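A.B. asks: As input, take run36.cif (mmCIF, C-alpha atoms and all ligand atoms):
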```cif
data_structure
#
loop_
_atom_site.label_atom_id
_atom_site.label_comp_id
_atom_site.auth_asym_id
_atom_site.auth_seq_id
_atom_site.Cartn_x
_atom_site.Cartn_y
_atom_site.Cartn_z
CA MET A 12 78.28 120.57 94.41
CA ASP A 13 76.88 122.46 97.35
CA ARG A 14 73.62 121.77 99.12
CA ARG A 15 71.69 124.53 97.33
CA LYS A 16 72.82 123.39 93.86
CA PHE A 17 72.09 119.74 94.67
CA LEU A 18 68.53 120.53 95.77
CA SER A 19 67.94 122.73 92.76
CA VAL A 20 69.10 120.00 90.33
CA THR A 21 67.10 117.30 92.14
CA ILE A 22 63.92 119.34 92.09
CA LYS A 23 64.33 120.26 88.43
CA THR A 24 64.98 116.63 87.49
CA PHE A 25 61.88 115.58 89.43
CA PHE A 26 59.69 118.02 87.52
CA VAL A 27 61.14 117.03 84.15
CA ILE A 28 60.44 113.33 84.87
CA LEU A 29 56.94 114.23 86.06
CA GLY A 30 56.33 116.19 82.87
CA VAL A 31 57.47 113.29 80.69
CA ILE A 32 55.27 110.76 82.54
CA THR A 33 52.14 112.95 82.47
CA SER A 34 52.61 113.75 78.78
CA ALA A 35 52.98 110.03 78.03
CA ILE A 36 49.80 109.18 79.97
CA ALA A 37 47.90 111.98 78.22
CA LEU A 38 49.03 110.82 74.79
CA ILE A 39 48.32 107.13 75.46
CA THR A 40 44.78 107.72 76.75
CA THR A 41 43.71 110.30 74.20
CA TYR A 42 45.00 108.36 71.18
CA PRO A 43 41.95 106.68 69.56
CA PHE A 44 41.53 103.09 70.68
CA ARG A 45 39.45 101.88 67.76
CA ILE A 46 41.08 102.86 64.52
CA LYS A 47 39.89 100.14 62.11
CA LYS A 48 37.25 101.49 59.80
CA ARG A 49 34.15 99.32 59.59
CA THR A 50 33.19 98.59 56.01
CA VAL A 51 30.07 96.98 54.60
CA LYS A 52 30.67 93.53 53.15
CA TYR A 53 28.09 91.39 51.31
CA PHE A 54 27.33 87.79 52.33
CA PRO A 55 25.16 85.31 50.40
CA VAL A 56 21.97 84.40 52.24
CA MET A 57 19.57 82.49 49.99
CA ASP A 58 18.84 81.58 46.39
CA GLU A 59 16.74 83.98 44.38
CA ASP A 60 13.94 81.44 43.90
CA GLU A 61 13.60 81.02 47.70
CA LEU A 62 12.66 84.69 48.13
CA PRO A 63 9.24 85.22 49.70
CA ARG A 64 6.56 86.06 47.15
CA ARG A 65 4.55 87.90 49.77
CA GLY A 66 5.22 88.51 53.44
CA VAL A 67 8.16 87.84 55.72
CA LYS A 68 10.81 85.14 55.67
CA THR A 69 13.37 84.74 58.45
CA VAL A 70 16.87 83.79 57.32
CA VAL A 71 19.72 82.59 59.49
CA PHE A 72 23.17 83.15 58.06
CA SER A 73 26.83 83.36 59.01
CA TYR A 74 29.36 86.04 58.26
CA LYS A 75 32.95 86.81 59.19
CA ARG A 76 34.09 89.77 61.25
CA GLN A 77 37.82 89.97 61.89
CA ASP A 78 38.33 86.21 61.53
CA ARG A 79 35.41 85.43 63.83
CA LEU A 80 32.49 83.50 62.41
CA LEU A 81 29.23 85.07 63.60
CA THR A 82 25.74 83.75 63.08
CA THR A 83 22.76 86.04 62.97
CA ARG A 84 19.34 86.36 61.42
CA ALA A 85 17.43 88.86 59.36
CA PHE A 86 13.96 89.30 57.86
CA VAL A 87 13.58 89.22 54.11
CA VAL A 88 10.32 91.00 53.32
CA ASN A 89 8.29 91.25 50.15
CA HIS A 90 5.59 93.83 50.76
CA ALA A 91 3.64 96.02 48.32
CA ASN A 92 5.88 94.84 45.49
CA GLU A 93 9.00 95.94 47.29
CA LEU A 94 11.78 93.65 48.48
CA TYR A 95 13.77 94.71 51.51
CA VAL A 96 15.72 93.25 54.45
CA LEU A 97 15.07 94.24 58.06
CA SER A 98 17.47 93.81 60.93
CA PRO A 99 15.93 91.93 63.88
CA VAL A 100 17.68 94.18 66.43
CA CYS A 101 15.11 96.19 68.40
CA THR A 102 16.00 99.87 68.31
CA HIS A 103 15.10 100.22 71.98
CA LEU A 104 17.71 98.17 73.82
CA GLY A 105 18.79 95.66 71.24
CA CYS A 106 16.72 92.52 71.89
CA LEU A 107 15.89 90.43 68.84
CA VAL A 108 12.32 90.86 67.59
CA ASN A 109 10.12 88.09 66.12
CA TRP A 110 7.58 88.15 63.29
CA HIS A 111 4.05 87.34 64.46
CA ARG A 112 2.29 85.94 61.41
CA LYS A 113 -1.28 86.37 62.69
CA LYS A 114 -0.92 89.90 64.07
CA LYS A 115 1.31 90.85 61.12
CA GLN A 116 3.69 92.60 63.49
CA PHE A 117 7.27 92.34 64.67
CA LEU A 118 7.10 91.89 68.46
CA CYS A 119 9.92 92.56 70.86
CA PRO A 120 9.95 90.17 73.83
CA CYS A 121 11.72 92.58 76.16
CA HIS A 122 9.60 95.69 76.72
CA GLY A 123 6.69 95.22 74.36
CA GLY A 124 7.98 97.10 71.33
CA LYS A 125 5.79 96.54 68.22
CA TYR A 126 6.62 97.27 64.59
CA ASP A 127 4.57 96.88 61.42
CA ILE A 128 5.73 94.96 58.35
CA THR A 129 7.67 97.97 57.01
CA GLY A 130 9.52 98.29 60.33
CA LYS A 131 7.59 101.34 61.52
CA VAL A 132 7.04 101.56 65.31
CA LEU A 133 3.43 100.86 66.34
CA ALA A 134 3.76 100.70 70.12
CA GLY A 135 6.22 100.49 72.96
CA PRO A 136 9.48 102.25 73.79
CA PRO A 137 11.51 101.86 70.54
CA PRO A 138 12.65 105.32 69.39
CA ALA A 139 13.17 104.44 65.71
CA PRO A 140 11.98 102.00 63.04
CA LEU A 141 13.78 98.69 62.46
CA THR A 142 16.97 99.17 60.46
CA ARG A 143 16.91 98.28 56.76
CA LEU A 144 20.02 96.32 55.84
CA PRO A 145 21.74 96.91 52.51
CA MET A 146 21.04 94.09 50.02
CA ARG A 147 21.62 93.11 46.42
CA ILE A 148 20.70 90.25 44.10
CA GLN A 149 23.57 88.83 42.08
CA LYS A 150 23.90 85.69 39.99
CA GLY A 151 20.66 84.27 41.35
CA LYS A 152 21.54 84.81 45.01
CA LEU A 153 20.43 87.31 47.65
CA TYR A 154 23.31 89.08 49.40
CA ILE A 155 23.00 91.03 52.67
CA GLY A 156 25.49 93.73 53.62
CA MET A 157 26.93 93.60 57.14
CA LYS A 158 29.36 95.98 58.82
CA VAL A 159 32.59 94.09 59.48
CA MET B 20 66.25 125.11 79.00
CA GLY B 21 67.28 127.73 81.56
CA LYS B 22 68.14 130.15 78.75
CA ILE B 23 64.73 129.75 77.11
CA LEU B 24 62.99 130.34 80.44
CA ASP B 25 65.15 133.41 81.08
CA TRP B 26 64.22 134.80 77.66
CA LEU B 27 60.52 134.20 78.35
CA ASP B 28 60.75 135.80 81.78
CA SER B 29 62.58 138.85 80.44
CA ARG B 30 59.33 139.61 78.56
CA PHE B 31 56.84 138.14 81.04
CA GLY B 32 58.49 139.37 84.24
CA ILE B 33 57.06 136.95 86.78
CA LYS B 34 60.32 136.00 88.52
CA ALA B 35 61.38 139.34 90.02
CA PRO B 36 58.15 140.17 91.88
CA HIS B 37 58.18 136.64 93.36
CA GLN B 38 61.81 136.79 94.45
CA ARG B 39 60.83 138.53 97.67
CA PHE B 40 58.21 135.84 98.31
CA LEU B 41 60.49 132.91 97.56
CA GLN B 42 63.34 134.30 99.70
CA ARG B 43 61.13 135.45 102.56
CA PRO B 44 61.85 134.53 106.18
CA LEU B 45 59.78 131.64 107.48
CA PRO B 46 58.58 130.95 111.02
CA LYS B 47 61.13 129.05 113.09
CA ARG B 48 59.09 126.02 113.91
CA LEU B 49 57.97 124.89 110.45
CA SER B 50 56.94 121.27 110.15
CA TYR B 51 55.46 118.93 107.59
CA LEU B 52 52.02 120.00 108.81
CA TYR B 53 52.53 123.13 106.73
CA CYS B 54 52.52 120.94 103.60
CA LEU B 55 48.90 119.82 103.99
CA GLY B 56 47.56 122.71 101.93
CA GLY B 57 50.15 122.03 99.26
CA VAL B 58 49.14 118.36 99.17
CA ALA B 59 45.51 119.42 98.67
CA PHE B 60 46.56 121.68 95.80
CA THR B 61 48.57 118.86 94.21
CA LEU B 62 45.49 116.64 94.42
CA PHE B 63 43.47 119.37 92.69
CA LEU B 64 46.06 119.38 89.88
CA CYS B 65 45.69 115.57 89.62
CA LEU B 66 41.90 116.04 89.36
CA LEU B 67 42.33 118.66 86.68
CA PHE B 68 44.68 116.43 84.69
CA SER B 69 42.66 113.21 85.01
CA GLY B 70 39.35 115.07 84.58
CA LEU B 71 40.48 116.66 81.32
CA LEU B 72 41.50 113.22 80.02
CA LEU B 73 38.16 111.69 81.10
CA SER B 74 36.23 114.45 79.37
CA ILE B 75 37.82 113.40 76.05
CA HIS B 76 35.95 110.07 76.20
CA TYR B 77 32.94 110.83 78.44
CA VAL B 78 29.62 111.53 76.67
CA PRO B 79 27.20 113.61 78.78
CA SER B 80 23.85 112.35 77.52
CA GLN B 81 21.31 110.11 79.18
CA ASP B 82 21.63 107.47 76.47
CA GLU B 83 25.41 107.41 76.24
CA ALA B 84 26.80 108.38 79.65
CA PHE B 85 26.80 104.93 81.26
CA HIS B 86 28.18 103.19 78.15
CA SER B 87 30.90 105.78 77.77
CA VAL B 88 32.03 105.20 81.36
CA VAL B 89 32.09 101.43 80.75
CA ARG B 90 34.10 102.10 77.61
CA ILE B 91 36.54 104.29 79.54
CA THR B 92 37.06 101.51 82.09
CA ARG B 93 37.31 98.59 79.65
CA GLU B 94 38.55 99.87 76.29
CA VAL B 95 40.34 103.19 76.56
CA ARG B 96 44.04 102.58 77.11
CA LEU B 97 44.87 103.41 80.76
CA GLY B 98 41.24 104.56 81.10
CA TRP B 99 40.77 102.52 84.29
CA PHE B 100 43.91 104.14 85.69
CA VAL B 101 42.86 107.70 84.87
CA ARG B 102 39.42 107.06 86.35
CA SER B 103 40.96 105.68 89.53
CA ILE B 104 43.25 108.69 89.82
CA HIS B 105 40.20 110.93 89.49
CA LYS B 106 38.24 109.04 92.09
CA TRP B 107 41.03 108.73 94.67
CA SER B 108 42.16 112.32 94.25
CA ALA B 109 38.56 113.50 94.70
CA ASN B 110 38.24 111.69 98.01
CA LEU B 111 41.72 112.56 99.25
CA LEU B 112 41.25 116.22 98.28
CA ILE B 113 38.45 116.55 100.82
CA VAL B 114 40.47 114.71 103.47
CA PHE B 115 43.47 116.98 102.97
CA ILE B 116 41.48 120.22 102.87
CA ILE B 117 40.03 119.21 106.25
CA LEU B 118 43.44 118.26 107.66
CA HIS B 119 44.84 121.58 106.44
CA THR B 120 41.92 123.37 108.13
CA ILE B 121 42.63 121.58 111.41
CA ARG B 122 46.27 122.69 111.18
CA VAL B 123 45.13 126.30 110.71
CA VAL B 124 42.77 126.04 113.69
CA VAL B 125 45.41 124.53 115.96
CA HIS B 126 47.94 127.21 115.03
CA ARG B 127 45.27 129.95 115.35
CA ALA B 128 46.32 131.16 111.90
CA TYR B 129 42.78 132.38 111.19
CA ARG B 130 43.24 135.52 113.29
CA PRO B 131 43.48 139.00 111.68
CA PRO B 132 44.69 139.87 109.12
CA ARG B 133 43.98 136.35 107.81
CA GLU B 134 40.24 136.10 108.40
CA LEU B 135 39.42 136.69 104.72
CA ASN B 136 41.78 133.91 103.73
CA TRP B 137 40.03 131.61 106.19
CA LEU B 138 36.74 132.39 104.44
CA VAL B 139 38.24 131.74 100.99
CA GLY B 140 39.61 128.42 102.26
CA ALA B 141 36.22 127.46 103.64
CA MET B 142 34.70 128.20 100.23
CA THR B 143 37.17 125.86 98.50
CA LEU B 144 35.88 123.08 100.75
CA VAL B 145 32.29 123.89 99.74
CA ILE B 146 33.29 123.84 96.06
CA ALA B 147 35.09 120.51 96.60
CA PHE B 148 31.93 119.03 98.13
CA ALA B 149 29.85 120.38 95.26
CA SER B 150 32.28 118.89 92.71
CA GLY B 151 32.15 115.54 94.46
CA PHE B 152 28.35 115.59 94.50
CA THR B 153 27.94 116.60 90.85
CA GLY B 154 30.69 114.22 89.70
CA TYR B 155 29.06 111.30 91.47
CA LEU B 156 26.05 111.50 89.12
CA LEU B 157 28.14 111.37 85.95
CA PRO B 158 28.59 107.55 85.65
CA TRP B 159 24.75 107.50 85.37
CA ASP B 160 24.29 104.08 86.98
CA GLN B 161 21.75 103.09 89.63
CA LYS B 162 23.96 104.16 92.54
CA ALA B 163 24.62 107.55 90.96
CA TYR B 164 20.97 108.09 90.10
CA TRP B 165 19.59 107.29 93.52
CA ALA B 166 22.32 109.16 95.38
CA THR B 167 21.36 112.26 93.40
CA GLU B 168 17.65 111.60 93.85
CA VAL B 169 18.12 111.48 97.63
CA GLY B 170 20.72 114.26 97.80
CA THR B 171 18.73 116.77 95.78
CA SER B 172 15.47 115.92 97.57
CA MET B 173 17.00 117.47 100.70
CA ALA B 174 16.82 120.85 98.99
CA GLY B 175 13.07 120.32 98.72
CA THR B 176 12.62 120.26 102.51
CA ILE B 177 13.63 123.92 102.94
CA PRO B 178 10.53 125.94 103.92
CA LEU B 179 8.95 128.22 101.29
CA VAL B 180 11.70 128.13 98.63
CA GLY B 181 12.42 124.39 98.81
CA LYS B 182 10.27 123.42 95.85
CA TYR B 183 11.76 126.04 93.56
CA LEU B 184 15.28 125.23 94.68
CA LEU B 185 14.61 121.57 93.91
CA TYR B 186 13.42 122.44 90.38
CA LEU B 187 16.50 124.60 89.94
CA VAL B 188 19.05 121.91 90.84
CA ARG B 189 17.22 119.11 89.02
CA GLY B 190 16.19 121.21 86.06
CA GLY B 191 12.63 119.96 86.60
CA PRO B 192 10.59 117.94 89.09
CA GLU B 193 12.62 114.75 88.65
CA VAL B 194 16.20 113.59 88.11
CA ASN B 195 16.62 112.91 84.37
CA GLY B 196 18.77 113.77 81.37
CA VAL B 197 18.37 117.49 82.04
CA THR B 198 19.86 117.00 85.51
CA LEU B 199 22.78 115.08 84.01
CA ILE B 200 23.69 117.92 81.64
CA ARG B 201 23.37 120.47 84.46
CA PHE B 202 25.63 118.49 86.74
CA TYR B 203 28.10 117.88 83.93
CA SER B 204 28.36 121.57 83.14
CA LEU B 205 28.77 122.47 86.82
CA HIS B 206 31.28 119.69 87.33
CA VAL B 207 33.62 120.40 84.44
CA LEU B 208 33.17 124.15 83.84
CA TRP B 209 31.61 126.22 86.62
CA LEU B 210 33.09 124.56 89.70
CA PRO B 211 36.70 124.14 88.41
CA LEU B 212 36.55 127.79 87.32
CA CYS B 213 35.37 128.90 90.79
CA MET B 214 38.02 126.68 92.37
CA GLY B 215 40.73 128.24 90.21
CA ILE B 216 39.71 131.78 91.16
CA LEU B 217 39.47 130.89 94.87
CA LEU B 218 42.87 129.19 94.89
CA TRP B 219 44.44 132.15 93.14
CA ALA B 220 42.99 134.45 95.85
CA HIS B 221 44.11 132.03 98.57
CA PHE B 222 47.73 131.94 97.39
CA HIS B 223 47.76 135.66 96.70
CA MET B 224 46.88 136.33 100.34
CA VAL B 225 49.41 133.79 101.60
CA LYS B 226 52.06 135.66 99.63
CA ARG B 227 50.94 139.08 100.88
CA GLN B 228 50.42 138.12 104.51
CA GLY B 229 53.15 135.53 104.90
CA ILE B 230 52.83 132.34 106.92
CA SER B 231 51.66 132.99 110.44
CA GLY B 232 54.23 132.45 113.19
CA GLY B 233 52.08 129.79 114.77
CA LEU B 234 50.82 129.31 118.29
C1 LIG C 301 38.86 120.24 87.44
C2 LIG C 301 38.44 119.61 86.50
C3 LIG C 301 37.58 118.37 86.53
C4 LIG C 301 37.13 117.77 85.39
C5 LIG C 301 37.39 118.26 83.98
C6 LIG C 301 36.36 116.58 85.78
C7 LIG C 301 35.73 115.68 84.89
C8 LIG C 301 35.03 114.53 85.23
C9 LIG C 301 34.38 113.60 84.32
C10 LIG C 301 34.32 113.75 82.79
C11 LIG C 301 33.83 112.58 85.05
C12 LIG C 301 33.05 111.35 84.53
C13 LIG C 301 33.92 110.13 84.32
C14 LIG C 301 33.83 109.05 85.40
O1 LIG C 301 32.82 108.95 86.11
O2 LIG C 301 34.79 108.25 85.54
C15 LIG C 301 34.12 112.87 86.42
C16 LIG C 301 33.73 112.09 87.46
C17 LIG C 301 33.89 112.41 88.79
N1 LIG C 301 34.52 113.56 89.29
FE1 LIG C 301 35.43 115.01 88.21
N2 LIG C 301 36.35 116.51 87.14
C18 LIG C 301 37.06 117.59 87.65
C19 LIG C 301 37.27 117.89 88.98
C20 LIG C 301 36.73 117.18 90.04
C21 LIG C 301 36.83 117.59 91.42
C22 LIG C 301 37.52 118.85 91.96
C23 LIG C 301 36.18 116.59 92.14
C24 LIG C 301 35.94 116.41 93.65
C25 LIG C 301 36.32 116.94 94.66
C26 LIG C 301 35.69 115.60 91.21
C27 LIG C 301 34.99 114.46 91.55
C28 LIG C 301 34.47 113.50 90.68
C29 LIG C 301 33.79 112.28 91.08
C30 LIG C 301 33.50 111.83 92.51
C31 LIG C 301 33.44 111.59 89.89
C32 LIG C 301 32.74 110.22 89.75
C33 LIG C 301 33.83 109.22 89.46
C34 LIG C 301 33.40 107.79 89.20
O3 LIG C 301 32.35 107.38 89.69
O4 LIG C 301 34.18 107.10 88.53
N3 LIG C 301 36.04 115.99 89.93
N4 LIG C 301 34.85 114.06 86.50
S1 LIG C 302 14.48 96.07 73.63
FE1 LIG C 302 12.75 95.92 72.36
S2 LIG C 302 11.27 96.99 73.48
FE2 LIG C 302 13.02 97.22 74.76
#
```
Would you write the structure of this file as structure tokens?

C.D. replies:
Amino acid sequence: MDRRKFLSVTIKTFFVILGVITSAIALITTYPFRIKKRTVKYFPVMDEDELPRRGVKTVVFSYKRQDRLLTTRAFVVNHANELYVLSPVCTHLGCLVNWHRKKKQFLCPCHGGKYDITGKVLAGPPPAPLTRLPMRIQKGKLYIGMKV
Amino acid sequence: MGKILDWLDSRFGIKAPHQRFLQRPLPKRLSYLYCLGGVAFTLFLCLLFSGLLLSIHYVPSQDEAFHSVVRITREVRLGWFVRSIHKWSANLLIVFIILHTIRVVVHRAYRPPRELNWLVGAMTLVIAFASGFTGYLLPWDQKAYWATEVGTSMAGTIPLVGKYLLYLVRGGPEVNGVTLIRFYSLHVLWLPLCMGILLWAHFHMVKRQGISGGL
């Protein structure tokens, strides 16, 4: 093999290897990194006869996400003859809001977000109402749906 | 492989007109200093490659930008690596364009008929600076925000037109989400496009005029 041929083969090999490495990097980084689909699963929270007859009740409950036991809370609300569950996560930056019984408002401790009993924003920076969580009543128990 | 390329080239015809260029005589005293421009071009290719990969995961909105960059660094496979490549290549690109310029000055290679190519080269440096400046805002963290606040405010000090120029670059009186979108568009579309056209012109002239004999 003469000098010219040797250089030509070396350079070609270099570019083929480079092409393989860059293609591999491109494929590895662009392939989606979170493929599991999140599905809503229902967890029992309280007995039917514990449901609030009027107003807001805070429940603390545990649920499982990918083998991890997580504890969270939610507001069970009975207002204007409607039963619904509100998530306590402020839609501004995700602090947990509290129910103020006297003011009849959900107050966010972080930047002064205020919501009324239906979750509608009354004041502060939150861009959207509190999220309503899916719920169902089955066999005398209240179930709340969480994304797992 | 060679056969496929030959078939392609028999239709495309790019090899023959370049034969003269590839086989051309070179100045006697070539040295590695003549590679500096090539190194800068290679760095631009690295930026193009890593930038295209980043743009798959980056979200150019004031609510999402910062989180998407955190996600790129922490969750995307090899994301930290691609980001580092982008960052290092961006800095080294400027270093190597300047080194290449110094080589051209020392060898007096800017003299006629190469003055136009000197101008084109100078413009690539301006575009590189502009890309660095617009890219720096994209992570949308405190450092990025205030660097842009300070950097763009300089435009405001120009007499008469300063105020309007400031509104133009910021897309309003202050740095906000509108500025982010502007900078993103410039960074990933306008500036790489300009750079591509300039580099094409640069290499075209190098081919036509040959490499200067030096000193
Ligand atoms: C040619 C195509 C290019 C594309 C598609 C591109 C794309 C991007 C994207 C999506 C980001 C945000 C991600 C991040 O911050 O990590 C970014 C950041 C950045 N880009 Fe580019 N870019 C290109 C070229 C350039 C060039 C030519 C330069 C500079 C000379 C440059 C300098 C920067 C800088 C300094 C950052 C901030 C990096 C950081 O803080 O991590 N980019 N680019
Ligand atoms: S997080 Fe609730 S007001 Fe900001």

A.B. asks: Which polymer residues, protein or nucleic acid, are no farther than 9 Å from (32.0, 110.4, 79.1), counting all atoms listed in the file, as a compact mmCIF listing (two decimals) with C-alpha atoms, in the frame of the given file?

C.D. replies:
```
# COMPACT_ATOMS: atom_id res chain seq x y z
CA LEU B 73 38.16 111.69 81.10
CA SER B 74 36.23 114.45 79.37
CA ILE B 75 37.82 113.40 76.05
CA HIS B 76 35.95 110.07 76.20
CA TYR B 77 32.94 110.83 78.44
CA VAL B 78 29.62 111.53 76.67
CA PRO B 79 27.20 113.61 78.78
CA SER B 80 23.85 112.35 77.52
CA GLU B 83 25.41 107.41 76.24
CA ALA B 84 26.80 108.38 79.65
CA PHE B 85 26.80 104.93 81.26
CA HIS B 86 28.18 103.19 78.15
CA SER B 87 30.90 105.78 77.77
CA VAL B 88 32.03 105.20 81.36
CA ARG B 90 34.10 102.10 77.61
CA ILE B 91 36.54 104.29 79.54
CA LEU B 157 28.14 111.37 85.95
CA PRO B 158 28.59 107.55 85.65
```

A.B. asks: Name all residues at most 12 Å from Lys150 of chain A (count all atoms listed in the file; drop same-chain ones fewer than 4 positions away) and give them as a ChimeraX atom specification.

C.D. replies: /A:55,57-60,154

A.B. asks: For chain B, which residue among A:Ala37, A:Ile28, A:Val96, A:Leu18 is the nearest when counting all atoms listed in the file?

C.D. replies: A:Ala37

A.B. asks: If you count only C-alpha atoms and all ligand atoms, which residues end up within 8 Å of ligand LIG 301 (chain C), as a count of residues only?

C.D. replies: 48

A.B. asks: Select all residues from chain A having any atom no more than 7 Å from an atom of chain B (counting all atoms listed in the file, ignoring ligands), output as a PyMOL selection string.

C.D. replies: chain A and resi 37+39-41+44

A.B. asks: Enumerate, in order of chain and increasing residue number, the residues of chain A with an atom no farther than 9 Å from ligand LIG 302 (chain C), each with its shortest atom pair and distance in Å to one decimal, counting all atoms listed in the file, as a Markdown table.

C.D. replies:
```
| residue | atom | partner | partner_atom | distance |
| --- | --- | --- | --- | --- |
| A:Val100 | CA | C:LIG302 | FE1 | 7.9 |
| A:Cys101 | CA | C:LIG302 | FE1 | 4.6 |
| A:Thr102 | CA | C:LIG302 | FE1 | 6.5 |
| A:His103 | CA | C:LIG302 | S1 | 4.5 |
| A:Leu104 | CA | C:LIG302 | S1 | 3.9 |
| A:Gly105 | CA | C:LIG302 | S1 | 4.9 |
| A:Cys106 | CA | C:LIG302 | S1 | 4.5 |
| A:Leu107 | CA | C:LIG302 | FE1 | 7.2 |
| A:Val108 | CA | C:LIG302 | FE1 | 7.0 |
| A:Leu118 | CA | C:LIG302 | FE1 | 8.0 |
| A:Cys119 | CA | C:LIG302 | FE1 | 4.6 |
| A:Pro120 | CA | C:LIG302 | FE1 | 6.6 |
| A:Cys121 | CA | C:LIG302 | FE2 | 5.0 |
| A:His122 | CA | C:LIG302 | S2 | 3.9 |
| A:Gly123 | CA | C:LIG302 | S2 | 5.0 |
| A:Gly124 | CA | C:LIG302 | S2 | 3.9 |
| A:Lys125 | CA | C:LIG302 | S2 | 7.6 |
| A:Gly135 | CA | C:LIG302 | S2 | 6.2 |
| A:Pro136 | CA | C:LIG302 | S2 | 5.6 |
| A:Pro137 | CA | C:LIG302 | S2 | 5.7 |
```

A.B. asks: Please compute the atom CA of Ile46 of chain A-atom CA of Thr33 of chain A distance, one decimal, in Å.

C.D. replies: 23.4 Å

A.B. asks: What's the 10 Å shell around Val159 of chain A, counting all atoms listed in the file, without same-chain residues fewer than 3 positions away, as a PyMOL selection string?

C.D. replies: chain A and resi 47-53+74-78+156

A.B. asks: Quick one, how far is atom CA of Leu218 of chain B from atom CA of Gly30 of chain A?

C.D. replies: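 Atom-to-atom, atom CA of Leu218 of chain B to atom CA of Gly30 of chain A, that is 22.2 Å.
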
A.B. asks: For a test of reading the model, state the distance in Å between atom CA of Phe202 of chain B and atom CA of Trp165 of chain B, rounded to one decimal.

C.D. replies: 14.4 Å

A.B. asks: Excluding segment 130-134 of chain B and its own-chain neighbours fewer than 2 positions away, which residues fall within 12 Å of it when counting all atoms listed in the file? Please give them as a list in words.

C.D. replies: Val123, Val124, Val125, His126, Arg127, Ala128, Asn136, Trp137, Leu138, Val139, Gly140, Ala141, His221, Phe222, His223, Met224, Val225, Lys226, Arg227, Gln228, Gly229, Ile230, Ser231, Gly232, Gly233 and Leu234 of chain B

A.B. asks: Using C-alpha atoms, can you export the residues from the last selection as an mmCIF file, in the frame of the given file?

C.D. replies:
```
data_model
loop_
_atom_site.group_PDB
_atom_site.id
_atom_site.type_symbol
_atom_site.label_atom_id
_atom_site.label_comp_id
_atom_site.auth_asym_id
_atom_site.auth_seq_id
_atom_site.Cartn_x
_atom_site.Cartn_y
_atom_site.Cartn_z
ATOM 1 C CA VAL B 123 45.130 126.300 110.710
ATOM 2 C CA VAL B 124 42.770 126.040 113.690
ATOM 3 C CA VAL B 125 45.410 124.530 115.960
ATOM 4 C CA HIS B 126 47.940 127.210 115.030
ATOM 5 C CA ARG B 127 45.270 129.950 115.350
ATOM 6 C CA ALA B 128 46.320 131.160 111.900
ATOM 7 C CA ASN B 136 41.780 133.910 103.730
ATOM 8 C CA TRP B 137 40.030 131.610 106.190
ATOM 9 C CA LEU B 138 36.740 132.390 104.440
ATOM 10 C CA VAL B 139 38.240 131.740 100.990
ATOM 11 C CA GLY B 140 39.610 128.420 102.260
ATOM 12 C CA ALA B 141 36.220 127.460 103.640
ATOM 13 C CA HIS B 221 44.110 132.030 98.570
ATOM 14 C CA PHE B 222 47.730 131.940 97.390
ATOM 15 C CA HIS B 223 47.760 135.660 96.700
ATOM 16 C CA MET B 224 46.880 136.330 100.340
ATOM 17 C CA VAL B 225 49.410 133.790 101.600
ATOM 18 C CA LYS B 226 52.060 135.660 99.630
ATOM 19 C CA ARG B 227 50.940 139.080 100.880
ATOM 20 C CA GLN B 228 50.420 138.120 104.510
ATOM 21 C CA GLY B 229 53.150 135.530 104.900
ATOM 22 C CA ILE B 230 52.830 132.340 106.920
ATOM 23 C CA SER B 231 51.660 132.990 110.440
ATOM 24 C CA GLY B 232 54.230 132.450 113.190
ATOM 25 C CA GLY B 233 52.080 129.790 114.770
ATOM 26 C CA LEU B 234 50.820 129.310 118.290
#
```

A.B. asks: Give me, as a list in words, all polymer residues having an atom no more than 12 Å from Lys113 of chain A, counting only C-alpha atoms and skipping those fewer than 3 positions away in the same chain.

C.D. replies: Gly66, Val67, Trp110, Gln116, Phe117, Leu118 and Ile128 of chain A

A.B. asks: When you count only C-alpha atoms, which of these residues is closest to Phe54 of chain A: A:Ile32, A:Ile22, A:Ala139, A:Met146?

C.D. replies: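 Between A:Ile32, A:Ile22, A:Ala139, A:Met146, the residue approaching Phe54 of chain A most closely is A:Met146.
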
A.B. asks: Could you list, as a PDB file with C-alpha atoms, in the coordinates of the input, every residue within 7 Å of segment 184-187 of chain B, counting only C-alpha atoms and ignoring same-chain residues fewer than 2 positions away?

C.D. replies:
```
ATOM      1  CA  THR B 171      18.730 116.770  95.780  1.00  0.00           C
ATOM      2  CA  SER B 172      15.470 115.920  97.570  1.00  0.00           C
ATOM      3  CA  ALA B 174      16.820 120.850  98.990  1.00  0.00           C
ATOM      4  CA  GLY B 175      13.070 120.320  98.720  1.00  0.00           C
ATOM      5  CA  VAL B 180      11.700 128.130  98.630  1.00  0.00           C
ATOM      6  CA  GLY B 181      12.420 124.390  98.810  1.00  0.00           C
ATOM      7  CA  LYS B 182      10.270 123.420  95.850  1.00  0.00           C
ATOM      8  CA  ARG B 189      17.220 119.110  89.020  1.00  0.00           C
ATOM      9  CA  GLY B 190      16.190 121.210  86.060  1.00  0.00           C
ATOM     10  CA  GLY B 191      12.630 119.960  86.600  1.00  0.00           C
ATOM     11  CA  PRO B 192      10.590 117.940  89.090  1.00  0.00           C
TER      12      PRO B 192
END
```
